[in-house]
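**Q** This is the structure I have questions about; it appears just below.
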Amino acid sequence: MSEAATLAAVDGYPFACSIQVRWRDVDALGHVNNAVIVTYLETARAELWRERFGGGTAIPFMVAHLEADYRRQIALDDRVWVGVRVSGLRGARYCFEYRVEANGELAAEAVTVMAHVRPGERRPSRIPDDLRARLSLLTLPADAR
């Protein structure tokens with residue numbers, strides 16, 4: 001899929017990825033389980049890290065807080081997209097904001113507060129200027145919020 005099609009998939013989010021709903025994602029109620037949607041957020045973060053930051057195993061952040069609001073059910077055959085953007089960039093922390101869409105409709109919104117860590121140390125540390133600059137490319141201008 002082209003970059004233009006990817007960006008258009010989730011309006012207002014500078015990064016988006018498609019998620020394939022798997023049989024195992026669906027619970028006894030016939031919809032994607034709420035905990036699986038959190039896994040979709042993780043998948044989107046990993047894709048963002050790989051595509052925009054070069055990937056690798058030395059991921060310099062960990063989730064400090066997560067909150068999610070579920071708006072509609074997601075079914076096995078739904079086409080799912082997760083949009084990701086950055087907000088609250090300061091010190092050693094920033095937020096990833098997510099919009100999960102199923103068949104073009106809002107299915108969930110979520111925020112993870114991320115703590116920047118030095119690889120191998122697992123302690124919060126100030127976000128380096130080069131990483132801060134790259135993360136800022138994933139924010140919305142103040143007039144677009």
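Please note that chains go A, B, ... in the order of the structure tokens, that every chain numbers its residues from 1, and that ligands are numbered from 1 in the order shown.
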Please, which residues of segment 16-132 of chain A, numbered as in this document, come out strand (DSSP E or B) from DSSP, as a ChimeraX atom specification?

**A** /A:16-19,26,32,61-70,80-90,93-102,105-117,124

**Q** Name the residues in contact with Ala133 of chain A at a cut-off of 12 Å, using only C-alpha atoms, excluding same-chain residues fewer than 4 positions from it; report them as number ranges by chain.

**A** A: 53, 86, 89-90, 127-129, 137-139

**Q** Using only C-alpha atoms, which residues sit within 10 Å of Arg45 of chain A once same-chain residues fewer than 2 positions away are excluded, as a PyMOL selection string?

**A** chain A and resi 15-17+39-43+47-51+82-85+96+98

**Q** So the first atom is atom CA of Leu131 of chain A and the second is atom CA of Ala68 of chain A; what is the distance between them in Å, to one decimal place?

**A**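 Taking atom CA of Leu131 of chain A and atom CA of Ala68 of chain A, their separation equals 26.0 Å.
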
**Q** Just to confirm, what's the straight-line distance from atom CA of Gly104 of chain A to atom CA of Gly30 of chain A in Å (one decimal)?

**A**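 Computing the Euclidean distance for atom CA of Gly104 of chain A and atom CA of Gly30 of chain A yields 19.6 Å.
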
**Q** His116 of chain A: which residues within 10 Å, counting only C-alpha atoms, same-chain residues fewer than 4 positions away excluded, as a PyMOL selection string?

**A** chain A and resi 59-64+91-94+122-128+131

**Q** Expressed in Å to a single decimal, how great is the separation between atom CA of Val113 of chain A and atom CA of His65 of chain A?

**A** 5.0 Å

**Q** List the neighbours of Trp81 of chain A out to 6 Å using only C-alpha atoms; skip same-chain residues closer than 4 positions along the sequence, and give me the result as a PyMOL selection string.

**A** chain A and resi 17-19+100-101

**Q** Can I get the selected residues back with N, CA and C atoms, as a PDB file, in the first residue's frame?

**A**
ATOM      1  N   CYS A  17      -1.014   2.048  10.608  1.00  0.00           N
ATOM      2  CA  CYS A  17      -0.726   0.710  10.086  1.00  0.00           C
ATOM      3  C   CYS A  17      -1.999  -0.121  10.099  1.00  0.00           C
ATOM      4  N   SER A  18      -2.037  -1.070   9.194  1.00  0.00           N
ATOM      5  CA  SER A  18      -3.155  -1.984   9.077  1.00  0.00           C
ATOM      6  C   SER A  18      -2.923  -3.170  10.014  1.00  0.00           C
ATOM      7  N   ILE A  19      -3.989  -3.636  10.627  1.00  0.00           N
ATOM      8  CA  ILE A  19      -3.923  -4.798  11.516  1.00  0.00           C
ATOM      9  C   ILE A  19      -4.854  -5.867  10.954  1.00  0.00           C
ATOM     10  N   VAL A 100      -8.063   3.775  16.807  1.00  0.00           N
ATOM     11  CA  VAL A 100      -8.282   2.463  16.193  1.00  0.00           C
ATOM     12  C   VAL A 100      -9.587   2.545  15.407  1.00  0.00           C
ATOM     13  N   GLU A 101      -9.505   2.246  14.122  1.00  0.00           N
ATOM     14  CA  GLU A 101     -10.688   2.266  13.272  1.00  0.00           C
ATOM     15  C   GLU A 101     -10.958   0.871  12.731  1.00  0.00           C
TER      16      GLU A 101
END
